[in-house]
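Presented below is the structure to which this report refers.
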Amino acid sequence: MKQPEFLLSELAQLLGTELHGNGDLKIKGLATLQNAQADQLGFLANPAYKGHLETTKAGAVILSPAVAGEFSGNALVAPNPYLAYAKASHLFDAYAGFEPGIHPSAVIDEQASVDALASIGPNVVIEAGASIAAGVRIDAGCVVGRDSRIGADSRLCANVTVTHGIVIGERVYINSGAVIGSDGFGHANEKGHWHKIAQIGGVVIEDDVEIGSNTTIDRGALDDTVIKQGARLDNLIQIAHNVVIGEHTAIAGCVGISGSTRIGKHCTIAGGAGLVGHIEVADGSHISGMTMVTKSITEPGSYSSGTGAHMPTRDWKRQVVRLRQLDDMSSRVKQLEKQLAELKSEE
Amino acid sequence: MKQPEFLLSELAQLLGTELHGNGDLKIKGLATLQNAQADQLGFLANPAYKGHLETTKAGAVILSPAVAGEFSGNALVAPNPYLAYAKASHLFDAYAGFEPGIHPSAVIDEQASVDALASIGPNVVIEAGASIAAGVRIDAGCVVGRDSRIGADSRLCANVTVTHGIVIGERVYINSGAVIGSDGFGHANEKGHWHKIAQIGGVVIEDDVEIGSNTTIDRGALDDTVIKQGARLDNLIQIAHNVVIGEHTAIAGCVGISGSTRIGKHCTIAGGAGLVGHIEVADGSHISGMTMVTKSITEPGSYSSGTGAHMPTRDWKRQVVRLRQLDDMSSRVKQLEKQLAELKSEE
Amino acid sequence: MKQPEFLLSELAQLLGTELHGNGDLKIKGLATLQNAQADQLGFLANPAYKGHLETTKAGAVILSPAVAGEFSGNALVAPNPYLAYAKASHLFDAYAGFEPGIHPSAVIDEQASVDALASIGPNVVIEAGASIAAGVRIDAGCVVGRDSRIGADSRLCANVTVTHGIVIGERVYINSGAVIGSDGFGHANEKGHWHKIAQIGGVVIEDDVEIGSNTTIDRGALDDTVIKQGARLDNLIQIAHNVVIGEHTAIAGCVGISGSTRIGKHCTIAGGAGLVGHIEVADGSHISGMTMVTKSITEPGSYSSGTGAHMPTRDWKRQVVRLRQLDDMSSRVKQLEKQLAELKSEE
């Protein structure tokens with residue numbers, strides 16, 4: 001694959017940044033300040049790494065106006081250097097482009113609709129009633145079920161499964177192995193035996209959502225499961241039926257969200273957290289790693305219940321023994337306080 | 001897809017419920033009491049929602065005999081309304097039916113056996129020696145490995161992997177992306193290097209089991225891993241080699257069960273719980289969310305070790321600091337008790 | 001599938017073990033001491049099971065020199081019986097062999113290179129620029145993306161996804177549903193909206209690595225994510241971008257490792273543990289189940305923060321109430337100590 005290449009002046013224009021230094025410099029890649037070579041562009045987003053500016057071999061550096069004065073090398077000056085780096089990253093992604101067209105091995109039902117400007121990879125299956133908009137790229141091995149719709153410029157990486165009746169917006173990006181629209185976990189119990197409840201709701205993924213690899217999003221029991229605009233889901237996340245994830249909320253890997261729970265917008269949920277069902281989480285909440293959320297969060301803020309940090313196992317085990325006796329210890333402290341108060345009153 | 005439609009009297013008969021009101025009413029869907037329209041059937045399973053009966057627009061409602069007297073609208077009266085709803089859900093699942101037959105793009109080894117009443121979707125691969133019974137539906141992209149057997153009326157949703165030598169019973173339902181029969185995690189160590197142990201046991205999935213999307217069930221090292229009749233597994237669950245899951249046990253998402261552990265029947269395990277290997281869990285046990293089970297459970301009951309509920313992170317961090325000093329605090333309390341006893345005896 | 005069969009003398013030679021007893025015995029399988037039949041080989045690796053030697057029906061047993069004297073039956077004597085069993089397991093794996101060749105349904109780009117001694121299964125997709133070495137076995141439904149390389153004698157089980165530009169070494173074994181090279185979770189925030197950062201680094205999987213089913217390994221943001229030689233990853237593990245896993249480290253199921261964290265060599269991480277990003281874990285560290293690692297581990301040892309063992313839920317809830325008041329209890333204990341000291345000094 002041919003590596004993209006730009007003049008520094010072209011990059012300044014494409015990224016909308018101010019150019020300091022030699023605009024004719026050829027830039028052939030993007031790298032961290034520590035690793036960048038003379039034909040690469042580095043970036044300084046975190047002030048903690050400012051020291052690297054003195055030693056970097058980068059041909060040019062994306063940096064903020066506050067730092068620009070102290071740096072004598074070539075620079076692209078941007079108010080938000082991390083955002084400028086994010087934009088630059090796409091320019092240097094050698095694998096970003098694609099050719100529209102349908103691979104001959106793809107199986108497209110004759111009652112499906114695929115836009116001429118979509119790209120359908122090898123062995124993709126698109127079932128009856130499904131519709132694929134312009135600019136969509138569906139990689140090898142994906143399955144799009146009956147009556148599902150994929151909006152413009154969305155991407156399904158290899159081996160993604162979209163079941164039937166799913167609505168996916170525009171510019172949605174779904175990583176490999178993700179499953180959108182598996183059955184919610186709904187069963188009625190009769191004398192100890194489970195009877196499956198058909199899950200006849202759907203899933204709505206709004207515009208500009210990203211979904212990680214092997215993440216699972218269940219279809220609703222009756223109403224839809226909804227991932228709202230701009231939300232970001234990492235890998236191996238479980239979204240149960242009828243969950244609603246608010247706009248621009250970001251969820252890290254290995255999180256599980258139980259049925260009918262509603263997460264507000266602009267929330268962040270760190271890795272390994274678990275949320276029970278039928279609760280609400282306020283807009284702007286942060287949930288820390290491996291926290292268990294057992295009731296609604298009504299005020300924005302940061303919430304935790306994970307027991308990190310770790311300590312040596314032998315020491316930790318002693319604490320856990322006491323943790324299991326904590327209520328007893330509490331009673332004994334209360335008793336001590338009472339006895340001491342009596343002693344003092346006797347004086 | 002055409003939406004199913006029934007007269008209320010037909011539904012009463014199909015569900016085996018008592019009809020109150022207008023049997024000629026056309027019912028075109030199923031919905032919650034809050035969302036139901038005049039041509040839809042609602043249900044009241046949880047008495048907590050009884051208030052919705054007064055305001056619902058549902059054309060008819062499934063409810064219990066205890067409530068039937070208070071409701072003047074059309075009703076289907078059932079001793080277990082949630083079970084009646086479960087049965088009704090299948091009637092209204094527009095995507096439930098299928099045509100037997102083998103899609104021309106499927107790759108069926110000539111030494112495999114596929115019943116004429118099975119449905120094999122596009123790009124499915126069925127290897128030599130495998131057998132697929134009548135009424136089985138295998139959706140696009142599934143792989144059924146050598147010598148594996150799928151029993152009557154089972155369903156593999158799209159992109160399921162069943163490896164070699166696996167036995168799957170009747171009416172088993174496996175959601176997309178699940179892997180049945182991956183290698184157990186078995187390695188012998190020699191001077192710090194790992195040697196893989198070939199996993200030559202199999203997996204037996206008994207009748208009426210449901211398995212969630214992207215759940216993984218490892219094959220046994222020597223004997224089989226077994227999921228017994230009627231068990232229900234949600235998404236993203238890890239079942240290690242030689243685990244046995246008892247009859248009618250239900251396991252929620254993101255649970256991990258380590259090797260050779262045996263779970264009894266009629267257990268429920270909530271989301272995110274983890275069980276160590278080589279233990280047994282008694283019939284009828286409940287394990288709460290994010291609990292870590294480190295030794296056998298010998299008596300039925302509810303067991304926990306998860307640290308929810310969450311609290312504000314700043315407050316929680318103060319508790320965790322003390323948790324890490326808990327054994328020391330315990331010693332200090334003991335010391336206080338001793339000193340106080342001495343003081344009192346001196347009086 | 002034909003079950004492999006050996007004379008006991010052949011096994012002694014193939015495994016490099018000392019033969020005691022009847023070398024002409026036909027051995028048709030491998031089993032635990034409890035389950036073994038007269039034509040099967042058992043093994044005694046864990047001294048705790050020594051009692052089974054007296055009752056086993058095994059035709060022969062793999063055991064250590066220390067035990068050999070006490071056993072009068074046929075035996076294969078090996079200094080490390082578990083290792084000898086590991087080697088024997090491959091001899092008895094009826095499904096181990098494969099025929100080189102490309103299944104006609106596979107889609108191989110004309111710019112990909114596939115060695116004549118590789119085996120490419122049905123519906124496999126291999127994209128342009130990819131190269132597949134001799135002895136590689138790629139099972140049905142796998143996708144190997146552009147420019148990715150699979151080293152000699154590696155195996156991709158069914159439905160594995162390898163995205164573009166990935167480097168996989170020799171004798172690497174990847175279970176079904178694993179995703180190698182999904183996008184790292186990198187997003188820049190602008191006024192509450194997330195902008196995706198293209199992930200232009202790759203993944204390097206070194207020789208002799210094993211990866212479990214549905215495990216996800218993200219590609220690096222700029223540099224590579226690296227899994228070093230001989231590492232073992234179980235199922236449903238999340239490896240974020242730019243993580244480095246050291247040589248011969250073993251990680252159990254459901255572990256999540258956040259971005260840029262570096263795990264040393266010869267570490268073991270038990271199931272369900274979570275590690276934050278940008279930390280280092282020293283060579284030879286052990287992290288126990290469901291532990292949350294929030295800062296670097298600089299010395300080898302065993303580390304924990306998981307709250308197992310479980311206890312009855314009613315009792316546990318009382319402890320958790322006190323856990324949430326622990327800082328307050330600590331203050332009260334301090335206060336008690338102060339008051340008691342005052343009392344005593346008054347005496």
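Residues are named by chain letter and number: chains run A, B, ... in the order of the structure tokens, numbers start at 1 in each chain, and ligands are numbered from 1 in the order shown.
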Running DSSP on the backbone, which parts of segment 69-166 of chain A land in alpha helix (DSSP H), as a VMD selection string? chain A and resid 81 to 91
Check: which chain C residues lie within 6 Å of chain B using only C-alpha atoms, as a PyMOL selection string: chain C and resi 31+83+86+89-90+93+248+307-313+326-327
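The closest residue to His20 of chain A, picked from A:Asn175, A:Thr298, A:Asn74, A:Ser213 and counting only C-alpha atoms, is A:Asn74.
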Point-to-point distance in Å for atom CA of Ala130 of chain B and atom CA of Pro100 of chain C: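 Separation of atom CA of Pro100 of chain C and atom CA of Ala130 of chain B: 21.2 Å.
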Check the DSSP output for the backbone and give back, as JSON, numbers by chain, the residues of segment 46-199 of chain C in strand (DSSP E or B). {"C": [60, 61, 62, 63, 74, 75, 76, 77, 101, 102, 107, 108, 113, 114, 119, 120, 125, 126, 131, 132, 137, 138, 143, 144, 149, 150, 155, 156, 161, 162, 167, 168, 173, 174, 179, 180, 181, 182, 187, 188, 189, 190, 193, 194, 195, 196]}
Write the residues of the preceding selection, restricted to N, CA and C atoms, as a CSV table (one decimal), in the first residue's frame.
chain,number,residue,atom,x,y,z
C,60,ALA,N,-2.5,-47.9,30.9
C,60,ALA,CA,-1.2,-47.4,31.3
C,60,ALA,C,-1.3,-46.0,31.8
C,61,VAL,N,-0.3,-45.6,32.6
C,61,VAL,CA,-0.4,-44.3,33.2
C,61,VAL,C,1.0,-43.5,33.0
C,62,ILE,N,0.9,-42.3,32.6
C,62,ILE,CA,2.1,-41.4,32.7
C,62,ILE,C,2.3,-41.0,34.1
C,63,LEU,N,3.5,-41.2,34.6
C,63,LEU,CA,3.7,-40.7,36.0
C,63,LEU,C,5.2,-40.4,36.2
C,74,ASN,N,1.2,-50.9,33.9
C,74,ASN,CA,2.0,-50.3,32.8
C,74,ASN,C,2.2,-48.8,33.0
C,75,ALA,N,3.3,-48.3,32.7
C,75,ALA,CA,3.6,-46.9,32.9
C,75,ALA,C,4.5,-46.3,31.9
C,76,LEU,N,4.3,-45.0,31.7
C,76,LEU,CA,5.3,-44.2,30.9
C,76,LEU,C,5.9,-43.2,32.0
C,77,VAL,N,7.2,-43.3,32.3
C,77,VAL,CA,7.7,-42.5,33.4
C,77,VAL,C,8.4,-41.3,32.8
C,101,GLY,N,-3.9,-27.0,0.3
C,101,GLY,CA,-4.7,-26.7,-0.8
C,101,GLY,C,-5.7,-25.6,-0.6
C,102,ILE,N,-6.3,-25.0,-1.6
C,102,ILE,CA,-7.2,-23.9,-1.5
C,102,ILE,C,-8.6,-24.4,-1.9
C,107,VAL,N,-11.8,-16.9,-1.6
C,107,VAL,CA,-11.6,-15.7,-2.4
C,107,VAL,C,-10.2,-15.2,-2.2
C,108,ILE,N,-9.3,-15.5,-3.1
C,108,ILE,CA,-7.9,-15.0,-2.9
C,108,ILE,C,-7.6,-14.0,-3.9
C,113,SER,N,-0.4,-13.7,-1.8
C,113,SER,CA,0.5,-14.9,-2.0
C,113,SER,C,0.2,-16.0,-1.0
C,114,VAL,N,-0.1,-17.1,-1.5
C,114,VAL,CA,-0.4,-18.3,-0.6
C,114,VAL,C,0.5,-19.4,-1.0
C,119,SER,N,-3.2,-24.5,3.8
C,119,SER,CA,-4.5,-25.0,3.6
C,119,SER,C,-5.5,-23.8,3.8
C,120,ILE,N,-6.3,-23.5,2.8
C,120,ILE,CA,-7.2,-22.4,2.9
C,120,ILE,C,-8.6,-23.0,2.8
C,125,VAL,N,-11.4,-15.4,2.9
C,125,VAL,CA,-11.1,-14.2,2.0
C,125,VAL,C,-9.7,-13.8,2.4
C,126,ILE,N,-8.8,-13.7,1.4
C,126,ILE,CA,-7.5,-13.2,1.5
C,126,ILE,C,-7.3,-12.0,0.6
C,131,SER,N,0.2,-12.3,2.7
C,131,SER,CA,1.0,-13.5,2.3
C,131,SER,C,0.8,-14.6,3.4
C,132,ILE,N,0.6,-15.8,2.9
C,132,ILE,CA,0.3,-16.9,3.8
C,132,ILE,C,1.5,-17.9,3.6
C,137,ARG,N,-2.8,-23.2,8.3
C,137,ARG,CA,-4.1,-23.7,8.1
C,137,ARG,C,-5.1,-22.5,8.5
C,138,ILE,N,-5.9,-22.2,7.5
C,138,ILE,CA,-6.9,-21.1,7.7
C,138,ILE,C,-8.3,-21.8,7.5
C,143,VAL,N,-11.1,-14.0,7.5
C,143,VAL,CA,-10.7,-12.9,6.6
C,143,VAL,C,-9.3,-12.5,7.0
C,144,VAL,N,-8.4,-12.4,6.0
C,144,VAL,CA,-7.1,-11.9,6.2
C,144,VAL,C,-7.0,-10.6,5.3
C,149,ARG,N,0.5,-10.6,7.1
C,149,ARG,CA,1.3,-11.8,6.8
C,149,ARG,C,1.1,-12.8,7.9
C,150,ILE,N,0.9,-14.1,7.5
C,150,ILE,CA,0.7,-15.2,8.5
C,150,ILE,C,1.9,-16.1,8.3
C,155,ARG,N,-2.2,-21.3,12.7
C,155,ARG,CA,-3.5,-21.7,12.4
C,155,ARG,C,-4.5,-20.6,12.8
C,156,LEU,N,-5.4,-20.4,11.8
C,156,LEU,CA,-6.6,-19.5,12.1
C,156,LEU,C,-7.8,-20.4,12.1
C,161,THR,N,-10.9,-12.9,12.2
C,161,THR,CA,-10.7,-11.7,11.4
C,161,THR,C,-9.3,-11.2,11.7
C,162,VAL,N,-8.5,-11.1,10.6
C,162,VAL,CA,-7.2,-10.4,10.7
C,162,VAL,C,-7.3,-9.2,9.8
C,167,VAL,N,1.1,-8.4,11.3
C,167,VAL,CA,2.1,-9.4,11.2
C,167,VAL,C,2.0,-10.5,12.2
C,168,ILE,N,1.8,-11.7,11.7
C,168,ILE,CA,1.6,-12.8,12.6
C,168,ILE,C,2.7,-13.8,12.4
C,173,TYR,N,-1.5,-19.7,17.1
C,173,TYR,CA,-2.8,-20.4,17.0
C,173,TYR,C,-3.9,-19.5,17.5
C,174,ILE,N,-4.8,-19.2,16.6
C,174,ILE,CA,-5.9,-18.2,16.9
C,174,ILE,C,-7.2,-18.9,16.8
C,179,VAL,N,-10.5,-11.2,16.9
C,179,VAL,CA,-10.3,-10.1,15.9
C,179,VAL,C,-8.9,-9.5,16.2
C,180,ILE,N,-8.1,-9.6,15.2
C,180,ILE,CA,-6.7,-9.0,15.3
C,180,ILE,C,-6.6,-7.8,14.5
C,181,GLY,N,-6.4,-6.6,15.1
C,181,GLY,CA,-6.2,-5.4,14.4
C,181,GLY,C,-7.5,-4.6,14.2
C,182,SER,N,-8.4,-4.7,15.1
C,182,SER,CA,-9.5,-3.7,15.1
C,182,SER,C,-9.0,-2.3,15.5
C,187,HIS,N,-10.1,8.9,20.3
C,187,HIS,CA,-11.0,10.0,19.9
C,187,HIS,C,-10.6,11.3,20.5
C,188,ALA,N,-10.6,12.4,19.7
C,188,ALA,CA,-10.3,13.7,20.3
C,188,ALA,C,-11.6,14.4,20.5
C,189,ASN,N,-11.7,15.1,21.6
C,189,ASN,CA,-13.0,15.8,21.9
C,189,ASN,C,-12.9,17.2,21.5
C,190,GLU,N,-13.9,17.7,20.8
C,190,GLU,CA,-14.1,19.1,20.5
C,190,GLU,C,-15.4,19.5,21.0
C,193,HIS,N,-18.0,16.8,21.3
C,193,HIS,CA,-18.2,15.8,20.3
C,193,HIS,C,-16.8,15.1,20.1
C,194,TRP,N,-16.9,13.8,19.7
C,194,TRP,CA,-15.8,13.0,19.5
C,194,TRP,C,-15.4,13.0,18.1
C,195,HIS,N,-14.1,13.1,17.8
C,195,HIS,CA,-13.5,13.0,16.4
C,195,HIS,C,-12.6,11.7,16.4
C,196,LYS,N,-12.9,10.8,15.6
C,196,LYS,CA,-12.1,9.6,15.5
C,196,LYS,C,-10.7,9.9,15.1
Mind giving me the straight-line distance from atom CA of Gly253 of chain A to atom CA of Asn235 of chain A in Å, one decimal?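 Those two atoms sit 4.8 Å apart.
Note that atom CA of Val172 of chain B and atom CA of Ala152 of chain B are 8.6 Å apart.
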Shell of 6 Å around Ile166 of chain A, only C-alpha atoms, local chain residues under 3 positions omitted, as a short mmCIF file (atom, residue, chain, number, x, y, z; two decimals) with C-alpha atoms, in the first residue's frame:
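Contents of the output file selection00.cif:
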data_model
loop_
_atom_site.label_atom_id
_atom_site.label_comp_id
_atom_site.auth_asym_id
_atom_site.auth_seq_id
_atom_site.Cartn_x
_atom_site.Cartn_y
_atom_site.Cartn_z
CA SER A 148 -31.99 -3.51 7.75
CA GLY A 202 -35.19 -3.38 16.85
CA VAL A 203 -31.95 -1.44 17.24
#
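Minimum atom-to-atom distance to Gly16 of chain B, evaluated using only C-alpha atoms, belongs to B:Ala78 out of B:Leu33, B:Ala45, B:Val204, B:Ala78.
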